[in-house]
>>> print(open('upload_10.cif').read())   # mmCIF, C-alpha atoms
data_model
#
loop_
_atom_site.label_atom_id
_atom_site.label_comp_id
_atom_site.auth_asym_id
_atom_site.auth_seq_id
_atom_site.Cartn_x
_atom_site.Cartn_y
_atom_site.Cartn_z
CA MET A 126 84.45 96.57 115.73
CA ARG A 127 83.44 97.29 112.16
CA GLN A 128 81.43 94.59 110.44
CA ILE A 129 82.30 93.98 106.82
CA ILE A 130 80.02 92.19 104.39
CA LEU A 131 81.13 91.31 100.85
CA VAL A 132 78.45 90.53 98.27
CA SER A 133 78.86 89.44 94.66
CA HIS A 134 77.56 87.52 91.69
CA GLY A 135 79.39 84.20 91.74
CA ASN A 136 82.43 83.48 93.88
CA MET A 137 84.13 86.86 93.98
CA ALA A 138 83.02 87.68 97.52
CA GLU A 139 84.03 84.34 98.98
CA GLY A 140 87.19 84.32 96.90
CA MET A 141 88.08 87.74 98.30
CA VAL A 142 87.72 86.40 101.85
CA ASN A 143 89.90 83.42 100.98
CA THR A 144 92.58 85.73 99.65
CA ILE A 145 92.35 88.03 102.66
CA GLU A 146 92.73 85.09 105.04
CA MET A 147 95.90 83.99 103.27
CA ILE A 148 97.40 87.40 103.72
CA SER A 149 96.14 88.45 107.11
CA GLY A 150 94.54 85.52 108.86
CA LYS A 151 90.95 84.94 109.91
CA HIS A 152 88.65 87.77 110.92
CA ASP A 153 85.36 87.28 112.77
CA ASN A 154 83.95 90.53 111.45
CA LEU A 155 84.30 89.64 107.77
CA GLN A 156 81.52 87.80 105.91
CA ALA A 157 80.81 87.01 102.28
CA PHE A 158 77.69 86.13 100.33
CA SER A 159 78.11 84.88 96.80
CA MET A 160 74.95 84.70 94.70
CA SER A 161 75.16 81.67 92.41
CA ALA A 162 73.52 81.48 89.01
CA LYS A 163 70.77 79.33 90.53
CA GLN A 164 69.86 81.82 93.25
CA THR A 165 67.76 84.95 93.17
CA PRO A 166 68.79 88.41 94.41
CA ASP A 167 66.57 87.87 97.44
CA TYR A 168 69.33 85.63 98.80
CA ILE A 169 71.57 88.68 99.02
CA TYR A 170 68.86 90.75 100.68
CA SER A 171 68.06 88.18 103.34
CA SER A 172 71.71 87.33 104.00
CA VAL A 173 72.70 90.95 104.49
CA LYS A 174 69.58 91.53 106.59
CA SER A 175 70.51 88.67 108.90
CA ILE A 176 73.79 90.44 109.66
CA VAL A 177 72.49 94.00 109.85
CA ASP A 178 69.69 92.96 112.22
CA LYS A 179 72.23 91.55 114.66
CA PHE A 180 73.90 94.89 115.29
CA SER A 181 72.78 98.16 116.84
CA ASP A 182 72.95 101.45 115.02
CA LYS A 183 76.13 102.21 116.95
CA ASP A 184 78.03 99.51 115.05
CA GLU A 185 79.52 100.50 111.72
CA ILE A 186 78.69 98.14 108.87
CA TYR A 187 80.50 98.27 105.54
CA ILE A 188 79.00 96.44 102.60
CA PHE A 189 81.20 95.97 99.54
CA SER A 190 79.52 94.88 96.31
CA ASP A 191 81.02 93.73 93.05
CA ILE A 192 79.63 96.34 90.67
CA ALA A 193 77.12 99.17 90.64
CA GLY A 194 74.09 98.44 88.48
CA GLY A 195 74.15 94.72 89.24
CA SER A 196 71.25 93.18 91.12
CA VAL A 197 73.55 92.28 93.99
CA ASN A 198 74.34 95.94 94.54
CA THR A 199 70.68 96.84 94.07
CA GLU A 200 69.69 94.55 96.95
CA ALA A 201 72.45 95.95 99.15
CA MET A 202 71.15 99.47 98.44
CA LYS A 203 68.07 98.63 100.49
CA PHE A 204 70.23 99.00 103.61
CA ILE A 205 71.82 102.40 103.07
CA LYS A 206 68.85 104.09 104.68
CA TYR A 207 70.43 103.02 108.00
CA ASN A 208 72.95 105.59 109.25
CA ASN A 209 75.44 102.98 110.36
CA VAL A 210 75.57 101.19 107.00
CA HIS A 211 77.93 102.21 104.19
CA LEU A 212 77.80 100.63 100.74
CA ILE A 213 80.78 100.70 98.37
CA SER A 214 80.50 99.17 94.92
CA GLY A 215 83.37 97.94 92.77
CA MET A 216 85.31 96.37 95.65
CA ASN A 217 88.98 95.64 95.23
CA LEU A 218 91.32 93.73 97.56
CA PRO A 219 93.24 96.76 98.82
CA ILE A 220 90.15 98.65 99.95
CA VAL A 221 88.63 95.68 101.75
CA ILE A 222 91.89 94.93 103.57
CA ASP A 223 92.26 98.59 104.43
CA CYS A 224 88.71 98.69 105.81
CA LEU A 225 89.49 95.60 107.86
CA LEU A 226 92.87 96.67 109.22
CA SER A 227 92.72 100.47 109.40
CA ASP A 228 90.11 101.15 112.08
CA GLY A 229 90.85 104.83 112.12
CA LYS A 230 90.13 105.54 108.46
CA ASN A 231 86.79 107.04 107.49
CA ILE A 232 84.99 106.22 104.26
CA LYS A 233 86.52 109.13 102.35
CA GLN A 234 90.04 108.04 103.28
CA LEU A 235 89.26 104.42 102.44
CA LEU A 236 87.91 105.38 99.03
CA LYS A 237 90.95 107.48 98.25
CA ALA A 238 93.34 104.70 99.24
CA GLY A 239 91.26 102.15 97.35
CA LYS A 240 91.25 104.17 94.17
CA ASP A 241 94.96 104.97 94.43
CA SER A 242 95.68 101.26 94.73
CA LEU A 243 94.55 100.67 91.16
CA ASP A 244 97.55 101.67 89.11
CA GLU A 245 100.06 100.53 86.56
CA ILE A 246 103.28 99.03 87.89
CA LYS A 247 106.26 100.52 86.11
CA ALA A 248 109.79 99.19 86.24
CA LYS A 249 112.04 101.83 87.71
CA LYS A 250 115.65 102.05 88.62
CA TYR A 251 116.20 101.12 92.22
CA THR A 252 117.13 104.12 94.36
CA GLU A 253 117.29 104.29 98.11
CA ASP A 254 116.82 106.95 100.76
CA ASN A 255 119.29 107.57 103.52
CA ILE A 256 118.38 105.16 106.29
CA TRP A 257 118.89 107.74 109.02
CA GLU A 258 116.75 110.49 107.48
CA GLU A 259 113.06 110.75 108.29
CA MET B 122 115.22 99.49 118.03
CA ILE B 123 114.53 96.05 116.66
CA SER B 124 110.77 95.53 116.69
CA LEU B 125 111.04 92.02 115.30
CA VAL B 126 113.49 89.67 113.66
CA ARG B 127 111.58 87.43 111.28
CA ILE B 128 112.69 84.40 109.28
CA ASP B 129 110.69 84.53 106.03
CA ASP B 130 111.97 83.06 102.81
CA ARG B 131 109.60 85.23 100.79
CA LEU B 132 111.25 88.30 102.36
CA ILE B 133 108.80 91.13 101.65
CA HIS B 134 105.32 89.96 100.62
CA GLY B 135 101.64 90.44 101.40
CA GLN B 136 101.74 89.39 105.05
CA ILE B 137 104.67 91.69 105.72
CA ALA B 138 103.52 94.65 103.69
CA VAL B 139 99.90 94.59 104.73
CA VAL B 140 99.83 93.18 108.21
CA TRP B 141 103.10 93.07 110.10
CA THR B 142 104.24 96.62 109.36
CA LYS B 143 100.94 97.99 110.61
CA TYR B 144 100.84 95.68 113.63
CA LEU B 145 104.40 96.57 114.70
CA GLY B 146 104.18 100.24 113.70
CA VAL B 147 107.63 100.14 112.10
CA SER B 148 109.13 102.88 109.96
CA ARG B 149 111.92 100.73 108.53
CA ILE B 150 112.26 97.25 107.07
CA ILE B 151 115.76 95.86 106.68
CA VAL B 152 116.12 92.78 104.52
CA ALA B 153 119.37 91.25 105.77
CA ASN B 154 120.61 89.11 102.92
CA ASP B 155 124.03 89.02 101.28
CA SER B 156 122.83 88.18 97.77
CA VAL B 157 119.79 90.48 97.66
CA ALA B 158 122.00 93.35 98.85
CA LYS B 159 123.91 93.07 95.57
CA ASN B 160 120.93 92.52 93.26
CA ASP B 161 119.23 95.67 92.01
CA SER B 162 116.35 94.02 90.22
CA GLN B 163 115.41 91.97 93.26
CA LYS B 164 115.61 95.09 95.39
CA MET B 165 113.31 96.89 93.02
CA ALA B 166 110.77 94.07 92.95
CA LEU B 167 110.73 93.74 96.73
CA SER B 168 110.49 97.46 97.31
CA LEU B 169 107.25 97.60 95.27
CA ALA B 170 105.60 95.65 98.07
CA VAL B 171 106.48 98.20 100.73
CA PRO B 172 103.55 100.29 101.95
CA ASN B 173 103.56 104.09 102.15
CA GLY B 174 105.16 105.42 105.28
CA VAL B 175 107.64 102.56 105.54
CA LYS B 176 111.12 102.53 103.98
CA ALA B 177 112.86 99.30 103.01
CA PHE B 178 116.60 98.75 102.95
CA PHE B 179 118.53 95.78 101.65
CA ARG B 180 121.85 95.05 103.32
CA SER B 181 124.29 92.21 103.86
CA ILE B 182 124.16 90.51 107.25
CA GLU B 183 127.31 92.36 108.28
CA ASP B 184 126.01 95.77 107.23
CA THR B 185 122.69 95.11 108.93
CA ALA B 186 124.55 94.38 112.16
CA LYS B 187 126.44 97.67 111.76
CA ILE B 188 123.17 99.57 111.41
CA LEU B 189 121.58 97.86 114.39
CA ASN B 190 124.66 98.52 116.52
CA ASP B 191 124.52 102.21 115.59
CA PRO B 192 122.96 104.25 118.42
CA ARG B 193 120.92 106.21 115.85
CA SER B 194 118.88 103.05 115.23
CA GLU B 195 117.53 103.09 118.78
CA LYS B 196 114.89 105.69 118.08
CA MET B 197 113.41 103.99 115.02
CA LYS B 198 111.24 100.88 114.96
CA ILE B 199 112.81 98.35 112.63
CA LEU B 200 111.57 95.05 111.23
CA VAL B 201 114.50 92.84 110.26
CA ILE B 202 113.88 90.01 107.80
CA VAL B 203 116.25 87.14 107.05
CA ASP B 204 115.51 84.23 104.77
CA SER B 205 116.87 81.33 106.82
CA PRO B 206 117.74 80.10 110.32
CA GLN B 207 121.38 80.13 109.21
CA ASP B 208 121.26 83.85 108.41
CA ALA B 209 119.40 84.51 111.66
CA LEU B 210 122.25 82.80 113.49
CA ARG B 211 124.89 84.81 111.64
CA LEU B 212 123.05 88.01 112.52
CA CYS B 213 122.69 87.07 116.19
CA ASP B 214 126.38 86.34 116.42
CA GLN B 215 127.15 89.88 115.36
CA LEU B 216 124.63 91.38 117.76
CA PRO B 217 125.29 89.62 121.07
CA ASP B 218 122.40 90.02 123.51
CA LYS B 219 120.56 92.45 121.26
CA ILE B 220 118.11 89.91 119.86
CA THR B 221 115.89 88.16 122.39
CA THR B 222 113.14 86.69 120.22
CA ILE B 223 112.88 85.38 116.69
CA ASN B 224 109.69 85.00 114.72
CA LEU B 225 109.65 82.02 112.34
CA GLY B 226 107.14 83.10 109.69
CA ASN B 227 107.54 81.25 106.40
CA TYR B 228 110.36 78.84 105.68
CA GLY B 229 111.31 75.83 103.66
CA ARG B 230 108.30 75.26 101.41
CA MET B 231 110.03 76.71 98.39
CA ASN B 232 113.57 75.47 98.24
CA ASN B 233 114.06 71.93 97.05
CA MET B 234 117.73 71.76 97.87
CA SER B 235 119.53 68.51 98.38
CA GLY B 236 119.39 69.25 102.10
CA GLY B 237 117.39 66.08 102.34
CA LYS B 238 114.07 65.23 103.92
CA LYS B 239 112.12 68.00 105.55
CA GLU B 240 110.00 67.89 108.65
CA GLN B 241 106.91 70.06 108.72
CA LEU B 242 106.75 72.02 111.96
CA ALA B 243 103.70 74.08 111.02
CA ASP B 244 101.59 75.09 107.99
CA ASN B 245 104.35 77.17 106.47
CA ILE B 246 107.48 75.81 108.15
CA PHE B 247 109.53 72.94 106.72
CA VAL B 248 112.97 72.18 108.14
CA THR B 249 115.86 69.87 107.24
CA ASP B 250 118.07 68.27 109.89
CA ASP B 251 120.59 71.02 109.30
CA ASP B 252 117.90 73.65 109.86
CA LYS B 253 116.87 71.97 113.10
CA LYS B 254 120.44 71.94 114.39
CA CYS B 255 120.71 75.58 113.46
CA LEU B 256 117.50 76.46 115.29
CA ASP B 257 118.73 74.58 118.36
CA LEU B 258 121.94 76.58 118.33
CA LEU B 259 119.96 79.78 117.82
CA HIS B 260 117.86 78.88 120.85
CA THR B 261 120.97 79.00 123.03
CA LYS B 262 121.48 82.61 122.01
CA VAL B 263 117.94 84.00 122.02
CA LYS B 264 115.29 83.50 124.66
CA ASP B 265 112.32 82.66 122.43
CA ILE B 266 111.78 81.33 118.95
CA TYR B 267 108.13 81.13 117.91
CA ILE B 268 106.24 80.18 114.78
CA GLN B 269 103.61 82.71 113.73
CA ALA B 270 102.72 83.56 110.15
CA VAL B 271 100.45 86.54 110.90
CA PRO B 272 99.79 88.35 114.20
CA THR B 273 96.28 86.90 114.51
CA ASP B 274 97.64 83.32 114.55
CA ASN B 275 98.56 81.72 117.85
CA LYS B 276 102.28 81.70 118.59
CA LYS B 277 103.85 78.28 118.64
CA PHE B 278 107.02 78.38 120.71
CA LEU B 279 109.84 76.02 119.81
#
>>> encode(input="upload_10.cif", output="structure tokens")
Amino acid sequence: MRQIILVSHGNMAEGMVNTIEMISGKHDNLQAFSMSAKQTPDYIYSSVKSIVDKFSDKDEIYIFSDIAGGSVNTEAMKFIKYNNVHLISGMNLPIVIDCLLSDGKNIKQLLKAGKDSLDEIKAKKYTEDNIWEE
Amino acid sequence: MISLVRIDDRLIHGQIAVVWTKYLGVSRIIVANDSVAKNDSQKMALSLAVPNGVKAFFRSIEDTAKILNDPRSEKMKILVIVDSPQDALRLCDQLPDKITTINLGNYGRMNNMSGGKKEQLADNIFVTDDDKKCLDLLHTKVKDIYIQAVPTDNKKFL
């Protein structure tokens, strides 16, 4: 099972988990570490390390950070030297849920779906397909 | 074929779009609701929630029964959503023996009708006396009625 670790400045990571649980229930393989204003980036490093150390290199680990260039992401970058660890910055809800629920998708597919999910909603006239057609 | 009949007063929303459709592997969602079937703006809003690869249709209870009685529906996996136990009952009556289980997903938190006091059966299930009578009657027609918001929750059988 994939392990997913969310890391952020402030409550974004934990908030994301809270939102995900409302939509799709609890998941043992989903963890969040939120670095508060009082903490140092080392908190992120040691928290992520405690998870990564628990798994072998055969287990896929996805780390999602809030934004590239932030110190949270910089700490997470220390783990991408491991083949089984992937780091994606700029997490959004759709990509994290997709990573959680779509086991079969690889990182390229996840990134495409995640990027496509960020879009303007336009009002359109309601039209319907034929229910019997594929 | 009917993959699931679900009572959910939010109709199509996050849990449906993101989790249930994937878990059930359905290609069709039918929202069986007389008033939504006539309301284009509601249909449009609800259809925005539908994920790629799944098509949503909005039909009256009677038209939904017609579709589900059509032999062409046997080869597709369909999630049917109604917004109340009363509508579930109406649907069952038009599909004798075709529905064996009902999933009670989200119900009763929203409407503050004069139906009177509500009993809370689970986190997201609130029922009036009328609702309870309706569920009892439904239970004589289908084998199982269970409360489950998302597939990872435990099922709570009534």
>>> closest_atom_pairs(input="upload_10.cif", of="chain A", to="chain B", cutoff="8 Å", atoms="all atoms listed in the file", output="Markdown table")
| residue | atom | partner | partner_atom | distance |
| --- | --- | --- | --- | --- |
| A:Ile148 | CA | B:Gln136 | CA | 5.0 |
| A:Ser149 | CA | B:Gln136 | CA | 6.0 |
| A:Gly150 | CA | B:Thr273 | CA | 6.1 |
| A:Lys151 | CA | B:Thr273 | CA | 7.3 |
| A:Leu226 | CA | B:Val140 | CA | 7.9 |
| A:Ala248 | CA | B:Met165 | CA | 8.0 |
| A:Lys249 | CA | B:Met165 | CA | 7.4 |
| A:Lys250 | CA | B:Met165 | CA | 7.2 |
| A:Tyr251 | CA | B:Met165 | CA | 5.2 |
| A:Glu253 | CA | B:Phe178 | CA | 7.4 |
| A:Asp254 | CA | B:Lys176 | CA | 7.9 |
| A:Ile256 | CA | B:Phe178 | CA | 7.4 |
| A:Trp257 | CA | B:Arg193 | CA | 7.3 |
>>> atom_distance(input="upload_10.cif", atom1="atom CA of A:Ile213", atom2="atom CA of A:Phe189")
4.9 Å
>>> residues_near_point(input="upload_10.cif", point="(118.9, 98.4, 114.4)", cutoff="10 Å", atoms="only C-alpha atoms", output="VMD selection string")
chain B and resid 122 to 124 149 to 151 185 to 201 216 219
>>> residues_around(input="upload_10.cif", residues="stretch 251-257 of chain B", least_positions_apart="5", cutoff="10 Å", atoms="all atoms listed in the file", output="ChimeraX atom specification")
/B:205-210,229,236-237,239-240,262,266,279
>>> atom_distance(input="upload_10.cif", atom1="atom CA of A:Ile205", atom2="atom CA of A:Val173")
11.6 Å
>>> resolve_selection(input="upload_10.cif", expression="the PyMOL selection byres ((chain A and resi 187) around 10)", output="short mmCIF file (atom, residue, chain, number, x, y, z; two decimals) with C-alpha atoms, keeping the file's coordinate frame")
data_model
loop_
_atom_site.label_atom_id
_atom_site.label_comp_id
_atom_site.auth_asym_id
_atom_site.auth_seq_id
_atom_site.Cartn_x
_atom_site.Cartn_y
_atom_site.Cartn_z
CA ARG A 127 83.44 97.29 112.16
CA GLN A 128 81.43 94.59 110.44
CA ILE A 129 82.30 93.98 106.82
CA ILE A 130 80.02 92.19 104.39
CA LEU A 131 81.13 91.31 100.85
CA LEU A 155 84.30 89.64 107.77
CA ASP A 184 78.03 99.51 115.05
CA GLU A 185 79.52 100.50 111.72
CA ILE A 186 78.69 98.14 108.87
CA ILE A 188 79.00 96.44 102.60
CA PHE A 189 81.20 95.97 99.54
CA SER A 190 79.52 94.88 96.31
CA ILE A 205 71.82 102.40 103.07
CA ASN A 209 75.44 102.98 110.36
CA VAL A 210 75.57 101.19 107.00
CA HIS A 211 77.93 102.21 104.19
CA LEU A 212 77.80 100.63 100.74
CA ILE A 213 80.78 100.70 98.37
CA VAL A 221 88.63 95.68 101.75
CA CYS A 224 88.71 98.69 105.81
CA LEU A 225 89.49 95.60 107.86
CA ILE A 232 84.99 106.22 104.26
#
>>> atom_distance(input="upload_10.cif", atom1="atom CA of B:Thr142", atom2="atom CA of A:Asp228")
15.1 Å
>>> resolve_selection(input="upload_10.cif", expression="the PyMOL selection byres ((chain B and resi 247) around 10)", output="ChimeraX atom specification")
/B:227-232,238-246,248-249,252-253
>>> closest_residue(input="upload_10.cif", among="A:Tyr170, A:Thr252, A:Met141, A:Lys230", to="A:Met216", atoms="all atoms listed in the file")
A:Met141
>>> axis_aligned_box(input="upload_10.cif", around="stretch 139-143 of chain B", padding_each_side="5 Å", output="lines of an AutoDock Vina configuration file")
center_x = 102.0
center_y = 95.5
center_z = 107.7
size_x = 14.4
size_y = 14.9
size_z = 15.9
>>> residues_around(input="upload_10.cif", residues="B:Arg127", least_positions_apart="2", cutoff="6 Å", atoms="all atoms listed in the file", output="list of chain:residue names")
B:Ile202, B:Ile223, B:Asn224, B:Leu225
>>> residues_around(input="upload_10.cif", residues="B:Asp155", least_positions_apart="2", cutoff="10 Å", atoms="all atoms listed in the file", output="PyMOL selection string")
chain B and resi 152-153+157-160+179-185+203+208
>>> closest_residue(input="upload_10.cif", among="A:Ile220, A:Ile176, A:Val132, A:Met147", to="A:Gly195", atoms="all atoms listed in the file")
A:Val132
>>> residues_near_point(input="upload_10.cif", point="(76.1, 101.0, 92.8)", cutoff="9 Å", atoms="only C-alpha atoms", output="list in words")
Ser190, Asp191, Ile192, Ala193, Gly194, Gly195, Asn198, Thr199, Ala201, Met202, Leu212, Ile213, Ser214 and Gly215 of chain A
>>> residues_around(input="upload_10.cif", residues="A:Ser242", least_positions_apart="4", cutoff="10 Å", atoms="only C-alpha atoms", output="NGL selection string")
:A and (217-220 or 236-238)
>>> closest_residue(input="upload_10.cif", among="A:Ser181, A:Ser171, A:Gln164, A:Ser159", to="A:Met137", atoms="only C-alpha atoms")
A:Ser159
>>> resolve_selection(input="upload_10.cif", expression="the PyMOL selection byres ((chain A and resi 134) around 6)", output="list of chain:residue names")
A:Ser133, A:Gly135, A:Ser159, A:Met160
